[in-house]
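Asker: So here's model.txt (compact mmCIF, C-alpha atoms and all ligand atoms).
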# COMPACT_ATOMS: atom_id res chain seq x y z
CA MET A 434 0.00 0.00 0.00
CA LEU A 435 1.02 3.58 -0.59
CA GLN A 436 0.08 6.68 1.33
CA ARG A 437 -0.56 9.64 -0.93
CA SER A 438 -1.23 13.24 0.08
CA LEU A 439 -2.97 14.85 -2.87
CA LYS A 440 -4.65 18.10 -3.73
CA VAL A 441 -7.73 17.14 -5.75
CA ASN A 442 -9.60 20.07 -7.29
CA GLY A 443 -7.83 22.30 -4.76
CA VAL A 444 -8.90 20.21 -1.75
CA PRO A 445 -6.11 18.49 0.24
CA THR A 446 -6.74 14.84 1.01
CA THR A 447 -4.72 11.82 2.12
CA LEU A 448 -5.40 8.35 0.75
CA ILE A 449 -4.06 4.84 1.21
CA VAL A 450 -3.94 3.21 -2.20
CA ARG A 451 -2.74 0.07 -3.90
CA PRO A 452 0.25 0.87 -6.12
CA GLU A 453 -1.16 -0.98 -9.12
CA ASP A 454 -4.61 0.63 -8.97
CA SER A 455 -5.28 3.22 -11.63
CA LEU A 456 -5.71 6.89 -10.81
CA ALA A 457 -9.14 6.67 -12.51
CA ASP A 458 -10.27 3.87 -10.18
CA VAL A 459 -9.01 5.75 -7.13
CA LEU A 460 -10.71 9.01 -8.16
CA ARG A 461 -13.97 7.21 -8.90
CA GLY A 462 -13.98 4.47 -6.26
CA GLN A 463 -12.18 6.02 -3.31
CA LEU A 464 -13.05 9.69 -3.79
CA GLY A 465 -16.45 9.29 -5.46
CA LEU A 466 -15.45 11.60 -8.32
CA THR A 467 -17.42 9.71 -10.97
CA GLY A 468 -17.22 12.59 -13.45
CA THR A 469 -14.04 10.92 -14.69
CA LYS A 470 -15.28 8.15 -17.00
CA ILE A 471 -13.66 4.87 -17.98
CA GLY A 472 -14.30 3.51 -21.47
CA GLY A 473 -12.13 0.59 -22.51
CA GLY A 474 -9.62 1.18 -19.71
CA GLN A 475 -6.72 1.00 -22.18
CA GLY A 476 -5.96 4.70 -22.72
CA GLN A 477 -7.64 4.75 -26.12
CA CYS A 478 -10.61 7.11 -25.75
CA GLY A 479 -9.59 9.98 -23.43
CA ALA A 480 -12.83 9.86 -21.39
CA CYS A 481 -10.71 9.54 -18.24
CA ALA A 482 -8.51 12.62 -18.88
CA VAL A 483 -7.39 14.57 -15.81
CA ILE A 484 -4.72 17.20 -15.24
CA LEU A 485 -1.93 15.82 -13.06
CA ASN A 486 0.61 18.41 -11.91
CA GLY A 487 -0.22 20.62 -14.90
CA LYS A 488 -0.03 17.81 -17.46
CA LEU A 489 -2.95 16.15 -19.24
CA VAL A 490 -2.94 12.41 -18.55
CA ARG A 491 -5.24 9.47 -19.17
CA SER A 492 -6.00 8.35 -15.65
CA CYS A 493 -7.14 4.82 -16.59
CA THR A 494 -3.58 3.92 -17.58
CA THR A 495 -1.83 5.96 -14.86
CA SER A 496 -1.10 3.68 -11.93
CA MET A 497 -0.96 5.17 -8.44
CA LYS A 498 2.71 4.29 -8.13
CA ARG A 499 3.31 6.85 -10.91
CA VAL A 500 1.39 9.58 -9.04
CA PRO A 501 3.93 11.38 -6.82
CA ASP A 502 3.12 12.39 -3.27
CA ASP A 503 1.82 15.99 -3.00
CA SER A 504 0.43 15.86 -6.53
CA SER A 505 -2.18 18.30 -7.71
CA ILE A 506 -5.07 16.82 -9.72
CA THR A 507 -7.88 18.55 -11.59
CA THR A 508 -10.91 16.54 -12.65
CA VAL A 509 -14.03 17.74 -14.46
CA GLU A 510 -15.67 18.43 -11.09
CA GLY A 511 -12.96 21.01 -10.37
CA ILE A 512 -13.57 22.96 -13.58
CA GLY A 513 -17.23 23.98 -13.26
CA THR A 514 -20.58 22.94 -11.87
CA PRO A 515 -24.12 22.94 -13.31
CA THR A 516 -24.85 26.20 -11.52
CA GLU A 517 -21.46 27.77 -12.25
CA PRO A 518 -20.25 26.24 -15.50
CA HIS A 519 -16.87 27.07 -16.97
CA PRO A 520 -17.01 28.75 -20.41
CA ILE A 521 -15.79 25.45 -21.90
CA GLN A 522 -18.82 23.65 -20.48
CA LEU A 523 -21.15 26.45 -21.52
CA ALA A 524 -19.81 26.33 -25.07
CA LEU A 525 -20.07 22.54 -25.39
CA VAL A 526 -23.72 22.69 -24.33
CA ALA A 527 -24.50 25.66 -26.58
CA HIS A 528 -23.02 23.91 -29.62
CA GLY A 529 -24.85 20.64 -28.91
CA ALA A 530 -21.57 18.75 -28.51
CA ALA A 531 -22.86 16.72 -25.55
CA GLN A 532 -24.95 14.04 -27.20
CA CYS A 533 -24.59 10.77 -25.29
CA GLY A 534 -22.07 12.83 -23.32
CA PHE A 535 -19.85 9.98 -22.14
CA CYS A 536 -16.78 11.54 -23.72
CA MET A 537 -17.54 15.03 -22.50
CA PRO A 538 -15.77 15.12 -19.10
CA GLY A 539 -12.56 14.02 -20.85
CA PHE A 540 -12.98 16.72 -23.49
CA VAL A 541 -13.68 19.40 -20.86
CA VAL A 542 -10.48 18.56 -18.98
CA SER A 543 -8.49 18.25 -22.20
CA ILE A 544 -9.71 21.62 -23.51
CA LYS A 545 -8.89 23.23 -20.15
CA ALA A 546 -5.31 21.91 -20.38
CA LEU A 547 -5.03 23.16 -23.97
CA LEU A 548 -6.33 26.67 -23.25
CA ASP A 549 -4.16 26.93 -20.12
CA GLN A 550 -1.09 26.65 -22.33
CA ASN A 551 -2.41 28.15 -25.56
CA PRO A 552 -5.19 30.75 -25.16
CA SER A 553 -5.64 31.19 -28.94
CA PRO A 554 -5.32 27.79 -30.60
CA SER A 555 -6.12 27.50 -34.30
CA ARG A 556 -8.66 24.93 -35.46
CA THR A 557 -5.79 22.78 -36.72
CA GLU A 558 -4.01 23.01 -33.37
CA ILE A 559 -7.23 22.05 -31.55
CA ARG A 560 -7.73 18.97 -33.72
CA LYS A 561 -4.09 17.99 -33.34
CA TRP A 562 -4.37 18.32 -29.55
CA PHE A 563 -7.31 15.92 -29.50
CA GLN A 564 -5.40 13.51 -31.72
CA ILE A 565 -2.31 13.55 -29.50
CA HIS A 566 -4.34 13.13 -26.32
CA ARG A 567 -6.67 10.55 -27.87
CA ASN A 568 -9.91 12.37 -27.10
CA ALA A 569 -12.49 10.40 -29.04
CA CYS A 570 -16.15 11.19 -29.56
CA ARG A 571 -18.37 8.70 -31.36
CA CYS A 572 -21.62 10.69 -31.51
CA ASN A 573 -20.94 14.09 -32.97
CA GLY A 574 -18.58 15.22 -35.67
CA TYR A 575 -15.63 16.99 -34.09
CA LYS A 576 -16.67 20.28 -35.71
CA VAL A 577 -19.01 21.25 -32.87
CA ILE A 578 -16.32 20.50 -30.32
CA VAL A 579 -13.78 22.64 -32.18
CA ASP A 580 -16.42 25.41 -32.44
CA SER A 581 -16.90 25.12 -28.68
CA VAL A 582 -13.18 25.49 -28.02
CA THR A 583 -12.88 28.60 -30.15
CA ASP A 584 -15.91 30.19 -28.45
CA ALA A 585 -14.70 29.27 -24.95
CA ALA A 586 -11.30 30.74 -25.81
CA LYS A 587 -12.96 33.98 -26.93
CA ILE A 588 -14.81 34.24 -23.62
CA LEU A 589 -11.64 33.55 -21.66
CA ARG A 590 -9.75 36.21 -23.66
CA GLY A 591 -12.54 38.70 -22.91
CA GLU A 592 -13.57 38.98 -26.57
CA MET A 593 -17.07 37.54 -26.13
CA PRO A 594 -19.53 37.69 -23.20
CA ARG A 595 -20.72 34.43 -21.61
CA GLU A 596 -24.26 35.55 -22.29
CA ALA A 597 -23.64 35.10 -26.01
CA LEU A 598 -23.75 31.33 -25.41
CA GLU A 599 -26.76 31.30 -23.13
CA PHE A 600 -30.03 30.20 -24.74
CA LYS A 601 -32.68 32.91 -24.89
CA MET A 602 -36.19 31.48 -24.90
CA PRO A 603 -38.22 32.98 -27.78
CA GLN A 604 -41.07 35.20 -26.68
CA ASP A 605 -43.68 32.79 -28.02
CA GLY A 606 -42.05 29.94 -26.03
CA ARG A 607 -41.67 27.74 -29.13
CA ILE A 608 -38.36 25.90 -29.24
CA TRP A 609 -38.79 24.02 -32.53
CA GLY A 610 -36.16 25.25 -34.97
CA THR A 611 -34.10 26.99 -32.27
CA SER A 612 -30.81 25.94 -30.72
CA TYR A 613 -32.53 24.94 -27.46
CA PRO A 614 -29.87 23.09 -25.48
CA ARG A 615 -30.20 19.37 -24.79
CA PRO A 616 -31.76 19.19 -21.27
CA SER A 617 -29.13 16.70 -20.07
CA GLY A 618 -26.25 18.66 -21.61
CA MET A 619 -25.08 20.51 -18.52
CA ALA A 620 -25.05 17.34 -16.38
CA LYS A 621 -22.99 15.60 -19.05
CA VAL A 622 -20.34 18.31 -19.40
CA THR A 623 -19.99 18.76 -15.64
CA GLY A 624 -19.63 15.04 -14.93
CA THR A 625 -22.75 14.92 -12.78
CA ALA A 626 -24.68 12.63 -15.13
CA ASN A 627 -24.63 9.08 -13.74
CA TYR A 628 -24.01 6.33 -16.28
CA GLY A 629 -24.26 2.62 -15.37
CA ALA A 630 -20.80 2.21 -13.83
CA ASP A 631 -21.31 5.43 -11.83
CA LEU A 632 -24.55 4.05 -10.42
CA GLY A 633 -22.72 0.82 -9.61
CA LEU A 634 -20.38 2.77 -7.34
CA LYS A 635 -23.37 4.35 -5.62
CA LEU A 636 -25.08 1.09 -4.62
CA PRO A 637 -25.25 -0.01 -0.96
CA PRO A 638 -22.04 -1.62 0.34
CA ASN A 639 -23.29 -5.22 0.35
CA ARG A 640 -24.13 -5.37 -3.35
CA LEU A 641 -22.70 -8.22 -5.39
CA MET A 642 -20.56 -7.92 -8.50
CA LEU A 643 -20.88 -10.40 -11.36
CA GLY A 644 -18.17 -12.25 -13.23
CA PHE A 645 -19.17 -14.06 -16.42
CA VAL A 646 -17.86 -17.30 -17.84
CA HIS A 647 -17.83 -16.71 -21.58
CA ALA A 648 -17.57 -19.25 -24.34
CA GLU A 649 -14.18 -19.02 -26.01
CA VAL A 650 -15.07 -21.10 -29.05
CA PRO A 651 -17.77 -20.31 -31.60
CA HIS A 652 -19.56 -23.65 -31.76
CA ALA A 653 -19.60 -26.57 -29.32
CA ASN A 654 -21.71 -29.05 -27.41
CA ILE A 655 -21.51 -28.62 -23.63
CA ILE A 656 -20.57 -31.87 -21.94
CA SER A 657 -20.29 -30.62 -18.35
CA ILE A 658 -20.00 -27.49 -16.22
CA ASP A 659 -18.16 -27.83 -12.90
CA THR A 660 -18.52 -24.90 -10.52
CA SER A 661 -17.20 -26.64 -7.38
CA GLU A 662 -13.77 -24.99 -7.35
CA ALA A 663 -15.20 -21.56 -8.17
CA GLU A 664 -17.67 -21.80 -5.30
CA LYS A 665 -14.76 -22.16 -2.83
CA MET A 666 -13.00 -19.01 -4.06
CA PRO A 667 -12.78 -15.96 -1.74
CA GLY A 668 -15.79 -13.68 -1.63
CA VAL A 669 -18.03 -15.90 -3.75
CA HIS A 670 -21.72 -15.79 -2.85
CA LYS A 671 -23.07 -18.09 -5.57
CA VAL A 672 -22.20 -19.50 -8.98
CA LEU A 673 -25.15 -19.70 -11.36
CA THR A 674 -25.61 -21.94 -14.38
CA HIS A 675 -28.59 -22.74 -16.60
CA LYS A 676 -29.89 -24.99 -13.81
CA ASP A 677 -30.50 -21.92 -11.66
CA VAL A 678 -32.62 -20.08 -14.22
CA LYS A 679 -36.18 -20.11 -12.92
CA GLY A 680 -37.85 -19.64 -16.30
CA ARG A 681 -37.57 -21.07 -19.79
CA ASN A 682 -33.90 -19.98 -20.07
CA ARG A 683 -34.50 -18.54 -23.51
CA ILE A 684 -34.66 -15.03 -24.87
CA ARG A 685 -37.72 -14.64 -27.04
CA VAL A 686 -36.90 -13.18 -30.42
CA PHE A 687 -39.85 -11.69 -32.26
CA THR A 688 -40.48 -13.75 -35.36
CA ASN A 689 -42.33 -11.47 -37.69
CA MET A 690 -40.82 -12.69 -40.97
CA PRO A 691 -43.34 -14.99 -42.73
CA SER A 692 -40.52 -17.25 -43.92
CA ASN A 693 -38.98 -17.57 -40.44
CA ARG A 694 -37.87 -21.15 -39.78
CA GLY A 695 -37.48 -20.94 -35.99
CA ASP A 696 -40.02 -20.36 -33.26
CA GLY A 697 -38.10 -17.42 -31.76
CA TRP A 698 -36.97 -19.35 -28.67
CA ASP A 699 -33.53 -20.33 -29.95
CA ARG A 700 -31.29 -18.07 -27.91
CA PRO A 701 -30.36 -19.33 -24.42
CA ILE A 702 -29.81 -16.96 -21.51
CA LEU A 703 -27.18 -19.26 -19.97
CA CYS A 704 -25.95 -21.95 -22.36
CA ASP A 705 -27.26 -25.40 -21.46
CA LYS A 706 -26.66 -27.81 -24.34
CA LYS A 707 -24.65 -25.81 -26.84
CA VAL A 708 -22.42 -22.82 -27.38
CA PHE A 709 -23.43 -20.82 -30.45
CA LYS A 710 -20.81 -18.10 -30.59
CA VAL A 711 -17.71 -16.76 -28.85
CA GLY A 712 -18.90 -14.75 -25.87
CA ASP A 713 -22.03 -16.78 -25.12
CA GLU A 714 -22.52 -16.89 -21.35
CA ILE A 715 -22.14 -20.22 -19.58
CA ALA A 716 -22.07 -19.24 -15.90
CA ILE A 717 -22.31 -16.21 -13.63
CA VAL A 718 -20.24 -15.76 -10.48
CA CYS A 719 -21.80 -13.48 -7.86
CA ALA A 720 -19.11 -12.21 -5.46
CA ASP A 721 -18.33 -9.37 -3.10
CA THR A 722 -15.90 -7.60 -5.45
CA GLU A 723 -15.26 -7.45 -9.17
CA GLU A 724 -11.79 -8.94 -8.62
CA HIS A 725 -13.19 -11.91 -6.71
CA ALA A 726 -15.95 -12.44 -9.28
CA ARG A 727 -13.46 -12.44 -12.15
CA ALA A 728 -10.99 -14.70 -10.33
CA ALA A 729 -13.69 -17.24 -9.49
CA ALA A 730 -15.07 -17.16 -13.05
CA GLU A 731 -11.64 -18.40 -14.19
CA LYS A 732 -12.12 -21.48 -12.00
CA VAL A 733 -15.36 -22.68 -13.56
CA LYS A 734 -14.53 -25.78 -15.60
CA VAL A 735 -16.46 -26.26 -18.82
CA GLU A 736 -15.98 -29.43 -20.82
CA LEU A 737 -16.87 -28.97 -24.48
CA GLU A 738 -17.11 -31.03 -27.63
CA VAL A 739 -15.92 -28.46 -30.17
CA LEU A 740 -17.95 -28.44 -33.39
CA PRO A 741 -17.10 -26.95 -36.80
CA ALA A 742 -16.97 -23.16 -36.71
CA TYR A 743 -18.97 -21.39 -39.39
CA MET A 744 -17.39 -17.96 -39.53
CA SER A 745 -19.41 -16.54 -42.40
CA ALA A 746 -22.93 -16.82 -43.75
CA PRO A 747 -21.81 -18.80 -46.84
CA ALA A 748 -20.03 -21.33 -44.60
CA ALA A 749 -23.17 -21.80 -42.48
CA MET A 750 -25.30 -22.14 -45.65
CA ALA A 751 -23.11 -24.85 -47.18
CA GLY A 752 -24.89 -28.16 -47.78
CA ASP A 753 -22.77 -30.17 -45.36
CA ALA A 754 -22.99 -27.64 -42.47
CA LEU A 755 -24.49 -28.91 -39.21
CA ASP A 756 -27.63 -27.23 -37.92
CA ILE A 757 -26.31 -24.53 -35.61
CA HIS A 758 -29.60 -24.62 -33.70
CA PRO A 759 -30.55 -28.32 -33.93
CA GLY A 760 -33.80 -28.79 -35.82
CA VAL A 761 -33.73 -25.26 -37.24
CA PRO A 762 -32.21 -24.74 -40.69
CA ASN A 763 -29.20 -22.45 -40.81
CA VAL A 764 -30.96 -20.46 -43.54
CA TYR A 765 -33.23 -18.95 -40.93
CA TYR A 766 -35.33 -16.81 -43.22
CA GLU A 767 -35.40 -15.68 -46.81
CA MET A 768 -36.12 -12.24 -48.12
CA VAL A 769 -37.31 -11.30 -51.56
CA LEU A 770 -34.88 -8.83 -53.06
CA ASP A 771 -35.85 -6.59 -55.91
CA LYS A 772 -32.55 -6.06 -57.62
CA GLY A 773 -33.84 -3.68 -60.30
CA GLN A 774 -32.08 -3.17 -63.56
CA ASP A 775 -29.45 -5.69 -64.68
CA PRO A 776 -26.18 -3.94 -63.81
CA ALA A 777 -24.12 -5.74 -66.49
CA PRO A 778 -24.55 -3.14 -69.27
CA ILE A 779 -23.79 -0.31 -66.81
CA LEU A 780 -20.73 -2.11 -65.50
CA ASP A 781 -19.55 -2.81 -69.05
CA SER A 782 -19.43 0.91 -69.75
CA ALA A 783 -18.02 1.95 -66.34
CA PRO A 784 -14.44 3.24 -66.47
CA TYR A 785 -13.49 1.21 -63.38
CA VAL A 786 -15.01 -1.93 -61.88
CA VAL A 787 -13.87 -3.20 -58.48
CA GLU A 788 -14.80 -6.68 -57.36
CA GLY A 789 -14.05 -8.44 -54.10
CA ASP A 790 -15.36 -10.37 -51.13
CA TYR A 791 -15.75 -8.36 -47.96
CA TYR A 792 -16.54 -9.27 -44.35
CA LEU A 793 -17.76 -6.66 -41.90
CA SER A 794 -16.48 -6.51 -38.35
CA ARG A 795 -18.42 -8.27 -35.62
CA GLN A 796 -18.72 -5.13 -33.45
CA PRO A 797 -19.49 -2.17 -35.63
CA HIS A 798 -20.83 0.22 -33.03
CA LEU A 799 -17.80 0.92 -30.87
CA THR A 800 -19.45 2.97 -28.15
CA ILE A 801 -17.11 4.49 -25.61
CA GLU A 802 -19.22 3.44 -22.63
CA THR A 803 -19.13 -0.31 -22.06
CA ASP A 804 -22.22 -2.46 -21.56
CA VAL A 805 -23.10 -1.97 -17.89
CA ALA A 806 -26.22 -3.06 -16.02
CA LEU A 807 -27.42 -3.53 -12.46
CA GLY A 808 -30.41 -5.20 -10.82
CA TYR A 809 -32.33 -5.10 -7.57
CA TYR A 810 -35.79 -5.59 -6.04
CA ASP A 811 -37.79 -2.39 -5.76
CA GLU A 812 -40.05 -1.39 -2.88
CA GLU A 813 -42.98 -3.24 -4.49
CA GLY A 814 -41.01 -6.47 -4.79
CA ARG A 815 -40.47 -6.20 -8.54
CA VAL A 816 -37.15 -7.08 -10.14
CA VAL A 817 -35.62 -3.97 -11.67
CA VAL A 818 -32.92 -4.12 -14.32
CA GLN A 819 -31.17 -0.87 -15.20
CA SER A 820 -29.14 -0.96 -18.36
CA LYS A 821 -28.34 0.74 -21.64
CA SER A 822 -31.46 -0.77 -23.23
CA ILE A 823 -32.95 1.48 -25.88
CA SER A 824 -35.95 -0.82 -26.23
CA ILE A 825 -37.11 -1.30 -22.67
CA HIS A 826 -40.62 -2.60 -23.34
CA ASP A 827 -39.45 -5.01 -26.04
CA HIS A 828 -36.73 -6.29 -23.73
CA GLN A 829 -39.18 -6.80 -20.91
CA ALA A 830 -41.34 -8.95 -23.23
CA MET A 831 -38.29 -10.76 -24.63
CA ILE A 832 -36.82 -11.89 -21.30
CA ALA A 833 -39.67 -12.17 -18.74
CA GLU A 834 -40.69 -15.76 -19.52
CA GLY A 835 -37.07 -16.82 -19.93
CA VAL A 836 -36.10 -15.62 -16.45
CA GLY A 837 -39.37 -16.85 -14.90
CA LEU A 838 -41.04 -13.56 -14.03
CA PRO A 839 -44.52 -12.31 -14.92
CA MET A 840 -44.28 -9.17 -17.03
CA ASP A 841 -45.61 -6.97 -14.23
CA GLN A 842 -42.88 -8.18 -11.89
CA LEU A 843 -40.03 -7.10 -14.16
CA ARG A 844 -39.10 -3.47 -14.81
CA ILE A 845 -36.41 -2.34 -17.19
CA ILE A 846 -35.08 1.18 -16.80
CA GLN A 847 -32.71 2.86 -19.21
CA ASN A 848 -29.69 4.46 -17.58
CA THR A 849 -28.10 7.58 -18.95
CA THR A 850 -26.53 5.87 -21.93
CA GLY A 851 -23.05 6.39 -23.34
CA ALA A 852 -24.36 5.70 -26.85
CA THR A 853 -25.45 2.43 -28.43
CA PHE A 854 -25.86 3.32 -32.13
CA GLY A 855 -28.46 0.58 -32.32
CA TYR A 856 -26.89 -2.48 -30.75
CA LYS A 857 -28.91 -2.07 -27.56
CA SER A 858 -32.18 -2.52 -29.40
CA SER A 859 -31.31 -6.18 -28.75
CA PRO A 860 -30.99 -7.41 -25.15
CA THR A 861 -27.42 -8.21 -24.13
CA ILE A 862 -27.00 -8.53 -20.35
CA GLU A 863 -30.54 -7.72 -19.20
CA ALA A 864 -31.64 -11.34 -18.81
CA LEU A 865 -28.39 -12.30 -17.05
CA ILE A 866 -28.83 -9.50 -14.53
CA ALA A 867 -32.45 -10.56 -13.96
CA VAL A 868 -31.34 -14.19 -13.41
CA ALA A 869 -28.71 -13.08 -10.90
CA SER A 870 -31.21 -10.81 -9.15
CA THR A 871 -33.80 -13.52 -8.60
S1 LIG B 901 -21.12 12.60 -27.15
FE1 LIG B 901 -19.06 11.98 -27.53
S2 LIG B 901 -19.18 9.78 -27.46
FE2 LIG B 901 -21.26 10.39 -27.27
Produce structure tokens that represent the structure in this file.
Ligand code: FES
Answerer:
Amino acid sequence: MLQRSLKVNGVPTTLIVRPEDSLADVLRGQLGLTGTKIGGGQGQCGACAVILNGKLVRSCTTSMKRVPDDSSITTVEGIGTPTEPHPIQLALVAHGAAQCGFCMPGFVVSIKALLDQNPSPSRTEIRKWFQIHRNACRCNGYKVIVDSVTDAAKILRGEMPREALEFKMPQDGRIWGTSYPRPSGMAKVTGTANYGADLGLKLPPNRLMLGFVHAEVPHANIISIDTSEAEKMPGVHKVLTHKDVKGRNRIRVFTNMPSNRGDGWDRPILCDKKVFKVGDEIAIVCADTEEHARAAAEKVKVELEVLPAYMSAPAAMAGDALDIHPGVPNVYYEMVLDKGQDPAPILDSAPYVVEGDYYLSRQPHLTIETDVALGYYDEEGRVVVQSKSISIHDHQAMIAEGVGLPMDQLRIIQNTTGATFGYKSSPTIEALIAVAST
């Protein structure tokens, strides 16, 4: 352990920390400063940016042993508040830069560090600064952020009044067609908006953390699952498998295509007989800490009979391919395509023709916030799942029977969401959280 006397946002404090813990984890977990966000935790997105002794750093990859005693740290909370925002925060809200907002605290701190050393940066210098410091935003184009920096700089140089960025409500009260600021904007740029992981740190002390046992092969029969060693690991409360799921253990997929070959109950919550893809969940460890949950998950033994992997649609459609879902053809549905005019004559006269086979990536969305969810019983005894779901009523209908709950005993609430770009219209961890909560 290390003792560190720090000045955080101007306030002196003394902490005992583990040398290998990241500055981001210490700020968030030990000091409750959840304005600093963690995306991938690999220093790639800049959401965790803080100013350490005058220098911009990514706190998720800065271990506490690299933070000297008597250090001075500025986080987003030390720059401005919803009632007294800094011009940088005002400008980001006015320009609509805070969309999902997950990246915003990192940008606010990064812009502060830039303007501290260069009060009149050019647009090129601003963009270069974000490149060097890896500030990534996945929602907006960077133009509105650069516009925000130039306006904030003007205010700080005394060339523009703050009021120029404050929204004036039209006399008729109509906001359609105006630049009315996003209602959640100020909370997002001041770090006071709580995303899933922030809420996780604000749960009562005896909450459990979950560690998942994921499939590491794309296609296999499950021969056995042995949780005995994992159950003896420190801090473990329970290890759950498909046997513990109180309902049908299937996620219901709406089958509204007339040519659909399945009945919509093909997708397991916790794998029982088969693994269908890398990342399928086989077991859940419920433990007192994330570390304990992850360590115990490593000890779950899963014996598999590995089956042929079909890594593309053509491979799965081949005549000799096994049924991925036994009894359901791999060609799950067919769509009629109207291809229009024969392209051959057009292609014959085109100056260039490019042909090739292309595969798209498995994860196209690349949100900066990870997939976080939490569950609990509410005061009326209902199971509540809070997640990034952007389809809460669909998800409730898709998982209730699978987890063994009547619809009116399952609530799904959407957290402030660090973007999904569509992937969260499908349930990911909602059913797993509901299983662990019951
Ligand atoms: S607003 Fe930047 S990632 Fe969503």
Asker: Return the padded bounding box of ligand LIG 901 (chain B) as JSON: axis-aligned, built from all atoms listed in the file, 4 Å added on each side, with centre and edge lengths in Å to one decimal.
Answerer:
{"center_x": -20.2, "center_y": 11.2, "center_z": -27.3, "size_x": 10.2, "size_y": 10.8, "size_z": 8.4}
Asker: Nearest residue to ligand LIG 901 (chain B) out of A:Ser858, A:Thr853, A:Thr722, A:Ser492, using all atoms listed in the file?
Answerer: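 Of the candidates, the smallest distance to ligand LIG 901 (chain B) is held by A:Thr853.
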Asker: Suppose you want the space between atom CA of A:Asp721 and atom CA of A:Leu641; what is it in Å?
Answerer: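 About the pair atom CA of A:Asp721 and atom CA of A:Leu641: they are 5.1 Å apart.
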Asker: Could you tell me, counting only C-alpha atoms and all ligand atoms, which protein and nucleic acid residues lie no more than 7 Å from ligand LIG 901 (chain B), written as a ChimeraX atom specification?
Answerer: /A:530-537,569-573,800-801,851-852
Asker: Kindly indicate which residue among A:Phe645, A:Phe687, A:Trp609, A:Tyr766 lies nearest to A:Ile715, using all atoms listed in the file for the distances.
Answerer: A:Phe645
Asker: Taking into account only C-alpha atoms, which residue in the set A:Gly443, A:Pro515, A:Gly529, A:Gly773 is nearest to A:Leu598?
Answerer: A:Gly529
Asker: Record the distance separating atom CA of A:Glu802 and atom CA of A:Gly472, expressed in Å with one decimal.
Answerer: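 Those two atoms sit 5.1 Å apart.
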Asker: Residues at most 8 Å from stretch 550-562 of chain A, counting only C-alpha atoms, excluding those fewer than 2 positions away in the same chain, as a compact mmCIF listing (two decimals) with C-alpha atoms, in the coordinates of the input?
Answerer:
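Final output, saved to result.txt:
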# COMPACT_ATOMS: atom_id res chain seq x y z
CA ALA A 546 -5.31 21.91 -20.38
CA LEU A 547 -5.03 23.16 -23.97
CA LEU A 548 -6.33 26.67 -23.25
CA GLN A 564 -5.40 13.51 -31.72
CA ILE A 565 -2.31 13.55 -29.50
CA HIS A 566 -4.34 13.13 -26.32
CA VAL A 579 -13.78 22.64 -32.18
CA VAL A 582 -13.18 25.49 -28.02
CA THR A 583 -12.88 28.60 -30.15
CA ALA A 586 -11.30 30.74 -25.81
CA LEU A 589 -11.64 33.55 -21.66
CA ARG A 590 -9.75 36.21 -23.66
Asker: Go through A:Pro538, A:Gly468, A:Gly837, A:Gly633 and flag the residue nearest A:Ser820, using all atoms listed in the file for the distances.
Answerer: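 Closest candidate: A:Gly633.
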Asker: Leaving out A:Phe540 and any residue of its chain fewer than 4 positions from it, which residues lie within 9 Å of it when counting all atoms listed in the file, given as a PyMOL selection string?
Answerer: chain A and resi 479-480+482+536+544-545+563+568-570+578+622
Asker: One number please: atom CA of A:Asn848 to atom CA of A:Lys710, in Å, one decimal.
Answerer: 27.5 Å
Asker: Can you pull out every residue within 8 Å of A:Thr467, counting only C-alpha atoms, but drop anything in the same chain fewer than 3 positions away, and send it as a ChimeraX atom specification?
Answerer: /A:460-462,470,624-625,627,631
Asker: Can you pull out the residues contacting A:Lys734? Cut-off 12 Å, using only C-alpha atoms, and skip same-chain residues under 4 positions away; I want them as a PyMOL selection string.
Answerer: chain A and resi 646-648+655-664+672+674+715-716+729-730
Asker: So that I can see what lies close to A:Asp699, please list as a list in words the residues with an atom at most 10 Å from it, counting all atoms listed in the file and leaving out residues fewer than 2 positions away in the same chain.
Answerer: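 With the cut-off at 10 Å, the set is Asn682, Arg683, Ile684, Arg685, Val686, Gly695, Asp696, Gly697, Pro701, Ile702, His758, Pro759 and Val761 of chain A.
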Asker: For A:Val669, which residue out of A:Met744, A:Ala726, A:Val733, A:Leu525 is the nearest one, using only C-alpha atoms?
Answerer: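 The closest residue to A:Val669 is A:Ala726.
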